[in-house]
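Participant: Just so it is clear, I am handing over query12.pdb, which has PDB, C-alpha atoms.
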MODEL        1
ATOM      1  CA  MET A 982    -225.074   9.148-108.387
ATOM      2  CA  ARG A 983    -226.357  11.921-110.699
ATOM      3  CA  ARG A 984    -229.191  11.078-113.100
ATOM      4  CA  LEU A 985    -228.642  11.639-116.795
ATOM      5  CA  THR A 986    -230.437  14.577-118.352
ATOM      6  CA  GLN A 987    -232.904  14.004-121.165
ATOM      7  CA  GLY A 988    -230.339  15.267-123.678
ATOM      8  CA  GLN A 989    -227.701  12.878-122.334
ATOM      9  CA  ARG A 990    -230.112   9.923-122.530
ATOM     10  CA  LEU A 991    -230.984  10.786-126.133
ATOM     11  CA  LEU A 992    -227.304  11.182-127.000
ATOM     12  CA  LEU A 993    -226.550   7.813-125.399
ATOM     13  CA  LEU A 994    -229.375   6.200-127.383
ATOM     14  CA  GLY A 995    -228.174   7.779-130.627
ATOM     15  CA  VAL A 996    -224.571   6.674-130.054
ATOM     16  CA  LEU A 997    -225.751   3.145-129.171
ATOM     17  CA  LEU A 998    -227.794   2.908-132.390
ATOM     18  CA  VAL A 999    -224.860   4.130-134.515
ATOM     19  CA  VAL A1000    -222.494   1.666-132.809
ATOM     20  CA  ILE A1001    -224.901  -1.259-133.411
ATOM     21  CA  ASP A1002    -225.237  -0.205-137.047
ATOM     22  CA  GLN A1003    -221.471   0.030-137.568
ATOM     23  CA  VAL A1004    -220.667  -3.233-135.758
ATOM     24  CA  VAL A1005    -223.185  -5.126-137.908
ATOM     25  CA  LYS A1006    -221.907  -3.516-141.129
ATOM     26  CA  ILE A1007    -218.235  -4.117-140.348
ATOM     27  CA  LEU A1008    -218.934  -7.759-139.434
ATOM     28  CA  ILE A1009    -220.814  -8.279-142.696
ATOM     29  CA  LYS A1010    -218.238  -6.460-144.835
ATOM     30  CA  THR A1011    -215.237  -8.290-143.337
ATOM     31  CA  THR A1012    -216.734 -11.799-143.187
ATOM     32  CA  MET A1013    -218.927 -12.100-146.298
ATOM     33  CA  ALA A1014    -218.229 -11.795-150.004
ATOM     34  CA  TYR A1015    -220.404  -9.472-152.075
ATOM     35  CA  GLY A1016    -223.686 -11.232-152.928
ATOM     36  CA  GLU A1017    -223.229 -13.979-150.308
ATOM     37  CA  ARG A1018    -226.418 -15.112-148.579
ATOM     38  CA  ILE A1019    -227.170 -16.677-145.204
ATOM     39  CA  GLU A1020    -230.712 -17.957-144.775
ATOM     40  CA  VAL A1021    -232.012 -17.247-141.268
ATOM     41  CA  PHE A1022    -235.624 -18.229-141.940
ATOM     42  CA  SER A1023    -237.417 -19.047-145.193
ATOM     43  CA  TRP A1024    -238.710 -15.446-145.182
ATOM     44  CA  PHE A1025    -235.553 -13.660-143.928
ATOM     45  CA  GLU A1026    -231.933 -13.790-145.043
ATOM     46  CA  ILE A1027    -228.677 -11.914-144.617
ATOM     47  CA  LEU A1028    -227.653 -10.838-148.136
ATOM     48  CA  PHE A1029    -224.521  -8.710-148.429
ATOM     49  CA  ILE A1030    -224.735  -6.016-151.048
ATOM     50  CA  GLU A1031    -223.430  -2.467-151.221
ATOM     51  CA  ASN A1032    -225.602   0.481-152.020
ATOM     52  CA  GLU A1033    -224.120   3.313-154.052
ATOM     53  CA  GLY A1034    -227.051   5.594-153.485
ATOM     54  CA  MET A1035    -229.951   6.158-151.169
ATOM     55  CA  ALA A1036    -231.966   3.821-148.985
ATOM     56  CA  PHE A1037    -233.147   0.566-150.535
ATOM     57  CA  GLY A1038    -230.599   0.777-153.365
ATOM     58  CA  TRP A1039    -231.987   3.828-155.146
ATOM     59  CA  LYS A1040    -229.333   5.784-157.077
ATOM     60  CA  TYR A1041    -229.135   9.229-158.560
ATOM     61  CA  GLY A1042    -226.618  10.957-160.788
ATOM     62  CA  GLY A1043    -223.459   8.815-160.680
ATOM     63  CA  VAL A1044    -220.420  10.184-158.808
ATOM     64  CA  VAL A1045    -221.815  13.730-158.633
ATOM     65  CA  GLY A1046    -225.137  12.427-157.315
ATOM     66  CA  LYS A1047    -223.319  10.291-154.728
ATOM     67  CA  LEU A1048    -221.244  13.271-153.590
ATOM     68  CA  LEU A1049    -224.342  15.479-153.329
ATOM     69  CA  LEU A1050    -226.183  12.759-151.399
ATOM     70  CA  SER A1051    -223.284  12.403-148.936
ATOM     71  CA  LEU A1052    -223.120  16.175-148.448
ATOM     72  CA  PHE A1053    -226.897  16.237-147.965
ATOM     73  CA  ARG A1054    -226.607  13.513-145.291
ATOM     74  CA  LEU A1055    -223.864  15.506-143.581
ATOM     75  CA  GLY A1056    -225.921  18.712-143.589
ATOM     76  CA  LEU A1057    -229.123  16.930-142.546
ATOM     77  CA  SER A1058    -227.376  15.208-139.643
ATOM     78  CA  ALA A1059    -225.963  18.524-138.423
ATOM     79  CA  LEU A1060    -229.351  20.267-138.734
ATOM     80  CA  LEU A1061    -231.134  17.445-136.920
ATOM     81  CA  LEU A1062    -228.633  17.557-134.056
ATOM     82  CA  VAL A1063    -229.110  21.323-133.696
ATOM     83  CA  TRP A1064    -232.906  20.990-133.937
ATOM     84  CA  ILE A1065    -233.058  18.222-131.309
ATOM     85  CA  ARG A1066    -230.973  20.361-128.952
ATOM     86  CA  LYS A1067    -233.350  23.316-129.434
ATOM     87  CA  LEU A1068    -236.396  21.085-128.916
ATOM     88  CA  ILE A1069    -234.931  19.732-125.664
ATOM     89  CA  LYS A1070    -234.492  23.293-124.382
ATOM     90  CA  LYS A1071    -238.100  24.118-125.347
ATOM     91  CA  GLY A1072    -239.435  21.039-123.535
ATOM     92  CA  ALA A1073    -240.678  19.142-126.587
ATOM     93  CA  PRO A1074    -242.468  15.829-125.976
ATOM     94  CA  VAL A1075    -240.197  12.841-125.418
ATOM     95  CA  GLY A1076    -241.828  10.993-128.324
ATOM     96  CA  VAL A1077    -240.853  13.712-130.792
ATOM     97  CA  LEU A1078    -237.277  13.717-129.514
ATOM     98  CA  LEU A1079    -237.121   9.925-129.676
ATOM     99  CA  GLY A1080    -238.340   9.810-133.291
ATOM    100  CA  LEU A1081    -235.902  12.514-134.368
ATOM    101  CA  THR A1082    -233.063  10.726-132.545
ATOM    102  CA  LEU A1083    -233.796   7.513-134.479
ATOM    103  CA  ILE A1084    -233.773   9.394-137.795
ATOM    104  CA  THR A1085    -230.557  11.225-136.897
ATOM    105  CA  ALA A1086    -228.776   8.036-135.796
ATOM    106  CA  GLY A1087    -229.753   6.342-139.063
ATOM    107  CA  ALA A1088    -228.555   9.274-141.152
ATOM    108  CA  ILE A1089    -225.229   9.338-139.288
ATOM    109  CA  GLY A1090    -224.826   5.562-139.604
ATOM    110  CA  ASN A1091    -225.117   5.682-143.398
ATOM    111  CA  LEU A1092    -223.016   8.850-143.544
ATOM    112  CA  ILE A1093    -220.144   7.023-141.830
ATOM    113  CA  ASP A1094    -220.222   4.399-144.603
ATOM    114  CA  CYS A1095    -220.100   7.067-147.312
ATOM    115  CA  LEU A1096    -217.467   9.125-145.545
ATOM    116  CA  CYS A1097    -215.079   6.411-144.375
ATOM    117  CA  TYR A1098    -215.619   2.982-145.930
ATOM    118  CA  GLY A1099    -214.104   3.889-149.302
ATOM    119  CA  TRP A1100    -210.683   4.534-147.783
ATOM    120  CA  LEU A1101    -210.866   2.140-144.798
ATOM    121  CA  PHE A1102    -211.680  -1.080-146.652
ATOM    122  CA  SER A1103    -210.638  -2.895-149.791
ATOM    123  CA  ALA A1104    -213.367  -3.370-152.378
ATOM    124  CA  SER A1105    -215.932  -6.123-151.912
ATOM    125  CA  ALA A1106    -216.645  -8.441-154.843
ATOM    126  CA  PRO A1107    -218.291 -11.801-155.512
ATOM    127  CA  GLY A1108    -216.028 -14.429-153.946
ATOM    128  CA  VAL A1109    -213.844 -11.734-152.301
ATOM    129  CA  VAL A1110    -214.130 -10.661-148.653
ATOM    130  CA  ALA A1111    -213.055  -7.065-147.992
ATOM    131  CA  SER A1112    -210.397  -6.245-145.438
ATOM    132  CA  PHE A1113    -209.242  -3.225-143.466
ATOM    133  CA  GLY A1114    -206.482  -1.233-145.062
ATOM    134  CA  GLY A1115    -207.593  -1.084-148.650
ATOM    135  CA  SER A1116    -209.029   1.812-150.553
ATOM    136  CA  TYR A1117    -211.729   1.679-153.201
ATOM    137  CA  ALA A1118    -213.137   5.229-153.145
ATOM    138  CA  ALA A1119    -212.463   8.784-152.002
ATOM    139  CA  PRO A1120    -214.068  10.145-148.808
ATOM    140  CA  LEU A1121    -217.818  10.782-149.205
ATOM    141  CA  LEU A1122    -217.942   8.283-152.105
ATOM    142  CA  GLY A1123    -217.934   5.037-150.101
ATOM    143  CA  LYS A1124    -220.711   2.505-150.540
ATOM    144  CA  VAL A1125    -223.321   1.814-147.883
ATOM    145  CA  VAL A1126    -223.391  -1.791-146.612
ATOM    146  CA  ASP A1127    -226.842  -3.426-146.783
ATOM    147  CA  MET A1128    -227.749  -6.880-145.494
ATOM    148  CA  PHE A1129    -231.357  -7.439-144.423
ATOM    149  CA  HIS A1130    -233.541  -9.092-147.056
ATOM    150  CA  PHE A1131    -237.078 -10.416-146.683
ATOM    151  CA  PRO A1132    -237.969 -12.694-149.627
ATOM    152  CA  LEU A1133    -241.520 -13.079-148.318
ATOM    153  CA  TRP A1134    -243.034 -14.349-151.555
ATOM    154  CA  THR A1135    -242.910 -13.996-155.306
ATOM    155  CA  TRP A1136    -245.849 -12.632-157.275
ATOM    156  CA  PRO A1137    -247.508 -15.252-159.512
ATOM    157  CA  ASP A1138    -246.434 -14.975-163.150
ATOM    158  CA  TRP A1139    -249.966 -14.109-164.272
ATOM    159  CA  VAL A1140    -250.065 -10.841-162.238
ATOM    160  CA  PRO A1141    -249.596  -7.896-164.657
ATOM    161  CA  LEU A1142    -246.436  -5.756-164.282
ATOM    162  CA  VAL A1143    -245.088  -7.578-161.200
ATOM    163  CA  GLY A1144    -245.528 -11.251-162.106
ATOM    164  CA  GLY A1145    -242.440 -13.275-161.145
ATOM    165  CA  ASP A1146    -240.963 -10.440-159.028
ATOM    166  CA  GLU A1147    -240.444 -10.565-155.283
ATOM    167  CA  PHE A1148    -243.112  -8.838-153.214
ATOM    168  CA  PHE A1149    -240.477  -6.863-151.246
ATOM    169  CA  GLU A1150    -237.135  -6.716-153.060
ATOM    170  CA  PRO A1151    -235.156  -4.030-151.172
ATOM    171  CA  VAL A1152    -232.106  -4.988-149.131
ATOM    172  CA  PHE A1153    -231.505  -2.564-146.274
ATOM    173  CA  ASN A1154    -229.454  -2.059-143.109
ATOM    174  CA  PHE A1155    -229.941  -1.157-139.451
ATOM    175  CA  ALA A1156    -229.504   2.576-140.131
ATOM    176  CA  ASP A1157    -232.244   2.481-142.781
ATOM    177  CA  SER A1158    -234.464   0.762-140.209
ATOM    178  CA  CYS A1159    -233.787   3.527-137.666
ATOM    179  CA  VAL A1160    -234.757   6.206-140.197
ATOM    180  CA  SER A1161    -237.898   4.330-141.282
ATOM    181  CA  VAL A1162    -239.069   3.481-137.747
ATOM    182  CA  GLY A1163    -238.389   7.038-136.555
ATOM    183  CA  ALA A1164    -240.268   8.595-139.478
ATOM    184  CA  VAL A1165    -243.266   6.241-139.244
ATOM    185  CA  TYR A1166    -243.408   6.735-135.469
ATOM    186  CA  LEU A1167    -243.465  10.536-135.884
ATOM    187  CA  VAL A1168    -246.158  10.395-138.575
ATOM    188  CA  LEU A1169    -248.402   7.983-136.661
ATOM    189  CA  PHE A1170    -248.011   9.158-133.087
ATOM    190  CA  GLN A1171    -246.465  12.625-133.013
ATOM    191  CA  TRP A1172    -248.039  14.424-135.979
ATOM    192  CA  ARG A1173    -249.935  16.846-133.712
ATOM    193  CA  PHE A1174    -246.633  18.359-132.560
ATOM    194  CA  PHE A1175    -245.704  19.289-136.132
ATOM    195  CA  THR A1176    -249.114  20.829-136.904
ATOM    196  CA  LYS A1177    -248.808  23.424-134.111
TER     197      LYS A1177
ENDMDL
END
Could you rewrite the structure in this file as structure tokens?
Facilitator:
Amino acid sequence: MRRLTQGQRLLLLGVLLVVIDQVVKILIKTTMAYGERIEVFSWFEILFIENEGMAFGWKYGGVVGKLLLSLFRLGLSALLLVWIRKLIKKGAPVGVLLGLTLITAGAIGNLIDCLCYGWLFSASAPGVVASFGGSYAAPLLGKVVDMFHFPLWTWPDWVPLVGGDEFFEPVFNFADSCVSVGAVYLVLFQWRFFTK
């Protein structure tokens, strides 16, 4: 039996990460109503929301901003795939390739939501579970499904500027986690490669 090449192993990892991301998102979108919560632990819950913009719910520029963000994700994913292929041929360290694969898989995972979810699913709403076969937005304008929420603690009311707010408010998804883990990993452990 022939061993997989490094490029094939990275491709397999990337595809696996995108599949996990999409399976989780589709399960959430087709079984939970918008805003529904499932407490897993006191400090972790599944909270279904949809993100119209970037990671952690950030938005920019309405429909035009959303379209530009989706096109940026598409271009970035393509560039990352080309760059990883070139780095494999040059014999780059496995750690660098692994970090870039995580980032690329996350970008592609969220791109799929933007590209396809608007015309594959009906709209999600409070008290309404989405289904296949609806259409709520044009291609590239779909919303990204987010679900992981960590209500670790709330700042005491007496703390200036943040009193009464959650310590960590963002709701994110598996793809966001891939991007974040890949980026932090590269910064902490592979920064020497990028300084050459």
Participant: Out of A:His1130, A:Phe1102, A:Ala1014, A:Asp1094, which residue has the shortest atom-to-atom distance to Leu1055 in chain A when counting all atoms listed in the file?
Facilitator: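 Using all atoms listed in the file, Leu1055 in chain A sits closest to A:Asp1094.
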Participant: Considering all atoms listed in the file, return as a list in words whatever protein or nucleic-acid residues lie within 8 Å of range 1163-1165 of chain A, sequence-local ones (same chain, fewer than 3 positions apart) excluded.
Facilitator: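 Counting only the stated atoms, we get Leu1079, Gly1080, Leu1081, Thr1082, Leu1083, Ile1084, Cys1159, Val1160, Val1168 and Leu1169 of chain A.
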Participant: Go ahead and write the selection's residues with C-alpha atoms as a short mmCIF file (atom, residue, chain, number, x, y, z; two decimals), keeping the file's coordinate frame.
Facilitator:
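Resulting contents of selection_5.cif:
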data_model
loop_
_atom_site.label_atom_id
_atom_site.label_comp_id
_atom_site.auth_asym_id
_atom_site.auth_seq_id
_atom_site.Cartn_x
_atom_site.Cartn_y
_atom_site.Cartn_z
CA LEU A 1079 -237.12 9.93 -129.68
CA GLY A 1080 -238.34 9.81 -133.29
CA LEU A 1081 -235.90 12.51 -134.37
CA THR A 1082 -233.06 10.73 -132.54
CA LEU A 1083 -233.80 7.51 -134.48
CA ILE A 1084 -233.77 9.39 -137.79
CA CYS A 1159 -233.79 3.53 -137.67
CA VAL A 1160 -234.76 6.21 -140.20
CA VAL A 1168 -246.16 10.40 -138.57
CA LEU A 1169 -248.40 7.98 -136.66
#
Participant: One decimal, in Å: what's the spacing between CA of Leu1121 in chain A and CA of Ile1001 in chain A?
Facilitator: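 Going from CA of Leu1121 in chain A over to CA of Ile1001 in chain A covers 21.1 Å.
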Participant: List the neighbours of Gly1056 in chain A out to 12 Å using only C-alpha atoms; skip same-chain residues closer than 5 positions along the sequence, and give me the result as a ChimeraX atom specification.
Facilitator: /A:1049-1051,1061-1063,1085,1088-1089,1092
Participant: Select, counting all atoms listed in the file, all protein, DNA and RNA residues no farther than 12 Å from (-224.1, 4.3, -132.9) in file coordinates, and express the selection as a PyMOL selection string.
Facilitator: chain A and resi 991-1006+1082-1093+1155-1156+1159
Participant: Give me the box for range 1073-1087 of chain A as AutoDock Vina command-line options, namely the centre and edge lengths in Å to one decimal of a box along x, y and z that holds every listed atom plus 5 Å on each side.
Facilitator:
--center_x -235.6 --center_y 12.7 --center_z -132.2 --size_x 23.7 --size_y 22.8 --size_z 23.6
Participant: Could you check which of A:Trp1139, A:Phe1129, A:Phe1170, A:Tyr1098 is closest to Asp1157 in chain A, using all atoms listed in the file?
Facilitator: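 Under the stated criterion, the closest residue is A:Phe1129.
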Participant: So what does the PyMOL selection byres ((chain A and resi 1023) around 12) actually pick up in this one, as a VMD selection string?
Facilitator: chain A and resid 1019 to 1022 1024 to 1027 1130 to 1134
Participant: Please, which residues are within 7 Å of (-207.2, -1.6, -145.7) by the file's coordinates, counting all atoms listed in the file, and could they come as a list in words?
Facilitator: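 Looking at atoms near the point gives Leu1101, Phe1102, Ser1103, Ser1112, Phe1113, Gly1114, Gly1115 and Ser1116 of chain A.
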Participant: Output the selection as a compact mmCIF listing (two decimals), keeping the file's coordinate frame - C-alpha atoms for each residue.
Facilitator:
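Done, and the output landed in out-v9.txt:
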# COMPACT_ATOMS: atom_id res chain seq x y z
CA LEU A 1101 -210.87 2.14 -144.80
CA PHE A 1102 -211.68 -1.08 -146.65
CA SER A 1103 -210.64 -2.90 -149.79
CA SER A 1112 -210.40 -6.24 -145.44
CA PHE A 1113 -209.24 -3.22 -143.47
CA GLY A 1114 -206.48 -1.23 -145.06
CA GLY A 1115 -207.59 -1.08 -148.65
CA SER A 1116 -209.03 1.81 -150.55
Participant: One decimal, in Å: what's the spacing between CA of Ile1007 in chain A and CA of Val1162 in chain A?
Facilitator: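 So the two atoms, CA of Ile1007 in chain A and CA of Val1162 in chain A, lie 22.3 Å apart.
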Participant: One number please: CA of Ala1118 in chain A to CA of Glu1150 in chain A, in Å, one decimal.
Facilitator: 26.8 Å
Participant: Calculated over only C-alpha atoms, which of the candidates A:Leu1122, A:Val1140, A:Ala1059, A:Val1152 has the smallest distance to Gly1046 in chain A?
Facilitator: A:Leu1122
Participant: I need the residue set behind the PyMOL selection byres ((chain A and resi 987) around 12) for this file; please write it as a PyMOL selection string.
Facilitator: chain A and resi 984-986+988-994+1065-1066+1068-1070+1072-1076+1078-1079+1082
